[in-house]
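Notes follow once the structure below has been shown.
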Amino acid sequence: MKLNGNALLAEEKLKSFNHHVVAQNPLRLDAFDKDEDLKIELITEKFNDIIEILGFDLTNDSIKDTPYRVARMYVNEIFKGLNPQNKPKITVFENTYGYHTPLVELNIPFTSFCEHHFVPIQGKVNITYIPKDYVIGLSKIHRLVDFYARRPQVQERLTMQIIQELSATLDPKDIGVALKANHSCISCRGVEDLGSSTVTSVFQGQIKNDSNLISVLLGSNCA
Ligand SMILES: [Zn+2]
């Protein structure tokens with residue numbers, strides 16, 4: 001397919017959005033053509049329609065600002081990870097101390113939203129990696145998780161995005177990522193199963209063969 005100038009620009013933007021991450025969210029090429037203020041304005045209008053169709057009185061004091069509140073929440077909070085400008089800057093430090101054993105970061109909380117139902121997926125992530133030449137600032141791991149979580153997602157893709165981003169940033173071969181989460185689309189609707197949780201995990205390099213470490217990552221602490 002031949003792309004015109006605008007489409008090429010959009011493709012560049014999408015590339016920078018996904019950076020070197022392989023798993024991609026199903027966005028259109030024009031996903032970032034509208035600025036955030038316009039997105040809030042348009043979502044407010046659409047949400048107004050939804051509330052109206054549901055039969056609510058939009059002049060009611062409690063409900064009248066709900067469309068705007070929802071629109072701001074979508075754009076500025078729960079889906080802020082869609083905006084490439086919100087990607088955290090990843091600082092790495094030279095591994096001058098020669099630390100080459102697993103670093104384990106446990107119970108990193110996240111809130112994402114199921115892209116099939118637009119309701120919350122909430123859980124925790126456990127991450128390990130064996131540093132090579134660089135180590136990553138610990139809070140950056142938390143920020144990365146948050147960035148990829150704050151979009152309409154599926155848990156499997158979120159898991160892959162986290163490990164692929166770490167892999168590309170740190171260039172280590174040895175990484176493990178495990179997510180345990182509760183899906184509101186399972187608990188609040190459909191089968192209404194309140195007690196269940198979903199675990200996804202991926203282990204690379206030496207971590208694959210370290211059953212103790214895998215037990216820690218998949219352990220009951222996870223959520
Ligand atoms: Zn769902």
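Chain labels A, B, ... are given in the sequence in which chains occur in the structure tokens; within each chain residues are numbered consecutively from 1, and ligands are likewise numbered from 1 in the order shown.
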
Nearby residues, ligand 1, 8 Å, only C-alpha atoms and all ligand atoms, as an NGL selection string: :A and (114-119 or 183-186)

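Those residues that approach segment 64-75 of chain A to within 7 Å, counting only C-alpha atoms, are Glu36, Ile40, Ile43, Thr44, Phe47, Asn48, Leu58, Thr59, Asn60, Phe79 and Lys80 of chain A; same-chain residues fewer than 4 positions away are not listed.
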
Secondary structure check, strand (DSSP E or B) residues of segment 4-143 of chain A, as number ranges by chain: A: 92-94, 103-114, 120-129, 134-136

Contact residues around segment 146-152 of chain A with only C-alpha atoms at 8 Å, ignoring same-chain residues under 5 positions, as a ChimeraX atom specification: /A:77-82,86-88,110-115,118,158,161-162

Could you dump the residues just selected with C-alpha atoms as a PDB file, in the first residue's frame?
ATOM      1  CA  GLU A  77      -6.673   9.145  33.509  1.00  0.00           C
ATOM      2  CA  ILE A  78      -7.748   5.632  32.652  1.00  0.00           C
ATOM      3  CA  PHE A  79      -6.652   5.722  28.980  1.00  0.00           C
ATOM      4  CA  LYS A  80      -3.760   8.139  29.327  1.00  0.00           C
ATOM      5  CA  GLY A  81      -1.359   5.377  28.230  1.00  0.00           C
ATOM      6  CA  LEU A  82      -2.770   5.791  24.707  1.00  0.00           C
ATOM      7  CA  ASN A  86       2.794  10.115  28.455  1.00  0.00           C
ATOM      8  CA  LYS A  87       5.379   7.402  28.009  1.00  0.00           C
ATOM      9  CA  PRO A  88       7.741   7.600  31.008  1.00  0.00           C
ATOM     10  CA  PHE A 110      -2.030  -1.812  38.182  1.00  0.00           C
ATOM     11  CA  THR A 111      -5.446  -0.811  36.902  1.00  0.00           C
ATOM     12  CA  SER A 112      -6.266  -1.476  33.289  1.00  0.00           C
ATOM     13  CA  PHE A 113      -9.516  -1.705  31.340  1.00  0.00           C
ATOM     14  CA  CYS A 114     -10.825  -4.698  29.416  1.00  0.00           C
ATOM     15  CA  GLU A 115     -11.050  -3.714  25.755  1.00  0.00           C
ATOM     16  CA  PHE A 118     -14.474  -1.222  29.064  1.00  0.00           C
ATOM     17  CA  LEU A 158      -0.162  -6.170  28.570  1.00  0.00           C
ATOM     18  CA  GLN A 161       4.290  -5.313  26.225  1.00  0.00           C
ATOM     19  CA  ILE A 162       5.895  -5.135  29.682  1.00  0.00           C
TER      20      ILE A 162
END

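Note that atom CA of Leu218 of chain A and atom CA of Thr91 of chain A are 27.4 Å apart.
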
Who sits within 10 Å of segment 192-199 of chain A, only C-alpha atoms, same chain under 6 positions skipped, as a list in words: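 Once the adjacent positions are removed, what remains is Ile121, Gln122, Gly123, Lys124, Val125, Gln155, Glu156, Thr159, Ala178, Leu179, Lys180, Ala181, Asn182, His183, Ser184, Cys185, Ile186, Leu218, Cys222 and Ala223 of chain A.
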
Put those residues in a file: N, CA and C atoms, as an mmCIF file, in the first residue's frame.
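Listed below is the output, result21.cif:
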data_model
loop_
_atom_site.group_PDB
_atom_site.id
_atom_site.type_symbol
_atom_site.label_atom_id
_atom_site.label_comp_id
_atom_site.auth_asym_id
_atom_site.auth_seq_id
_atom_site.Cartn_x
_atom_site.Cartn_y
_atom_site.Cartn_z
ATOM 1 N N ILE A 121 -9.749 -3.997 34.914
ATOM 2 C CA ILE A 121 -8.939 -5.181 35.217
ATOM 3 C C ILE A 121 -7.970 -4.685 36.282
ATOM 4 N N GLN A 122 -8.027 -5.241 37.477
ATOM 5 C CA GLN A 122 -7.128 -4.747 38.529
ATOM 6 C C GLN A 122 -6.306 -5.889 39.088
ATOM 7 N N GLY A 123 -5.024 -5.627 39.272
ATOM 8 C CA GLY A 123 -4.180 -6.686 39.775
ATOM 9 C C GLY A 123 -2.803 -6.206 40.126
ATOM 10 N N LYS A 124 -1.889 -7.182 40.184
ATOM 11 C CA LYS A 124 -0.515 -6.864 40.546
ATOM 12 C C LYS A 124 0.442 -7.583 39.608
ATOM 13 N N VAL A 125 1.600 -6.985 39.460
ATOM 14 C CA VAL A 125 2.618 -7.556 38.579
ATOM 15 C C VAL A 125 3.851 -7.872 39.407
ATOM 16 N N GLN A 155 -5.168 -8.843 29.038
ATOM 17 C CA GLN A 155 -4.066 -9.105 29.970
ATOM 18 C C GLN A 155 -2.851 -9.738 29.280
ATOM 19 N N GLU A 156 -3.122 -10.579 28.291
ATOM 20 C CA GLU A 156 -2.022 -11.259 27.597
ATOM 21 C C GLU A 156 -1.130 -10.241 26.877
ATOM 22 N N THR A 159 0.978 -8.174 29.337
ATOM 23 C CA THR A 159 2.116 -8.974 29.810
ATOM 24 C C THR A 159 3.262 -8.908 28.802
ATOM 25 N N ALA A 178 5.022 -11.733 35.659
ATOM 26 C CA ALA A 178 3.782 -12.456 35.981
ATOM 27 C C ALA A 178 2.727 -11.462 36.445
ATOM 28 N N LEU A 179 1.550 -11.590 35.881
ATOM 29 C CA LEU A 179 0.427 -10.722 36.257
ATOM 30 C C LEU A 179 -0.689 -11.581 36.824
ATOM 31 N N LYS A 180 -1.251 -11.114 37.935
ATOM 32 C CA LYS A 180 -2.449 -11.766 38.456
ATOM 33 C C LYS A 180 -3.500 -10.687 38.621
ATOM 34 N N ALA A 181 -4.673 -10.891 38.026
ATOM 35 C CA ALA A 181 -5.643 -9.798 38.015
ATOM 36 C C ALA A 181 -7.078 -10.296 38.113
ATOM 37 N N ASN A 182 -7.912 -9.399 38.615
ATOM 38 C CA ASN A 182 -9.351 -9.653 38.648
ATOM 39 C C ASN A 182 -10.002 -8.846 37.534
ATOM 40 N N HIS A 183 -10.819 -9.521 36.771
ATOM 41 C CA HIS A 183 -11.486 -8.868 35.638
ATOM 42 C C HIS A 183 -12.932 -8.557 36.018
ATOM 43 N N SER A 184 -13.267 -7.291 35.994
ATOM 44 C CA SER A 184 -14.642 -6.906 36.362
ATOM 45 C C SER A 184 -15.666 -7.483 35.389
ATOM 46 N N CYS A 185 -15.235 -7.754 34.148
ATOM 47 C CA CYS A 185 -16.204 -8.322 33.198
ATOM 48 C C CYS A 185 -16.544 -9.770 33.554
ATOM 49 N N ILE A 186 -15.721 -10.384 34.409
ATOM 50 C CA ILE A 186 -16.030 -11.733 34.907
ATOM 51 C C ILE A 186 -16.825 -11.633 36.216
ATOM 52 N N LEU A 218 4.948 -16.441 40.631
ATOM 53 C CA LEU A 218 3.571 -16.884 40.478
ATOM 54 C C LEU A 218 2.876 -17.040 41.835
ATOM 55 N N CYS A 222 1.016 -12.476 44.616
ATOM 56 C CA CYS A 222 0.814 -11.724 43.380
ATOM 57 C C CYS A 222 -0.449 -10.861 43.410
ATOM 58 N N ALA A 223 -1.520 -11.334 43.991
ATOM 59 C CA ALA A 223 -2.719 -10.483 44.138
ATOM 60 C C ALA A 223 -3.614 -11.082 45.201
#

Counting only C-alpha atoms, which residues in segment 171-195 of chain A sit no more than 12 Å from segment 100-104 of chain A? For each one, give the nearest pair of atoms and the distance in Å, sorted by chain then residue number, as JSON lines.
{"residue": "A:Pro172", "atom": "CA", "partner": "A:His100", "partner_atom": "CA", "distance": 10.4}
{"residue": "A:Lys173", "atom": "CA", "partner": "A:Pro102", "partner_atom": "CA", "distance": 11.7}
{"residue": "A:Asp174", "atom": "CA", "partner": "A:Pro102", "partner_atom": "CA", "distance": 8.5}
{"residue": "A:Ile175", "atom": "CA", "partner": "A:Pro102", "partner_atom": "CA", "distance": 8.7}
{"residue": "A:Gly176", "atom": "CA", "partner": "A:Val104", "partner_atom": "CA", "distance": 9.1}
{"residue": "A:Val177", "atom": "CA", "partner": "A:Val104", "partner_atom": "CA", "distance": 9.9}
{"residue": "A:Ala178", "atom": "CA", "partner": "A:Val104", "partner_atom": "CA", "distance": 11.3}

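Picture a line from atom CA of Leu42 of chain A to atom CA of Val154 of chain A; it runs 25.3 Å.
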
Pairwise distance for atom CA of Ser201 of chain A and atom CA of Arg28 of chain A, rounded to one decimal in Å: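 Separation of atom CA of Ser201 of chain A and atom CA of Arg28 of chain A: 28.0 Å.
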
Helix (DSSP H, G or I) call set, DSSP backbone run, segment 11-106 of chain A, as JSON, numbers by chain: {"A": [11, 12, 13, 14, 15, 16, 17, 18, 36, 37, 38, 39, 40, 41, 42, 43, 44, 45, 46, 47, 48, 49, 50, 51, 52, 53, 66, 67, 68, 69, 70, 71, 72, 73, 74, 75, 76, 77, 78, 80, 81, 82, 84, 85, 86]}
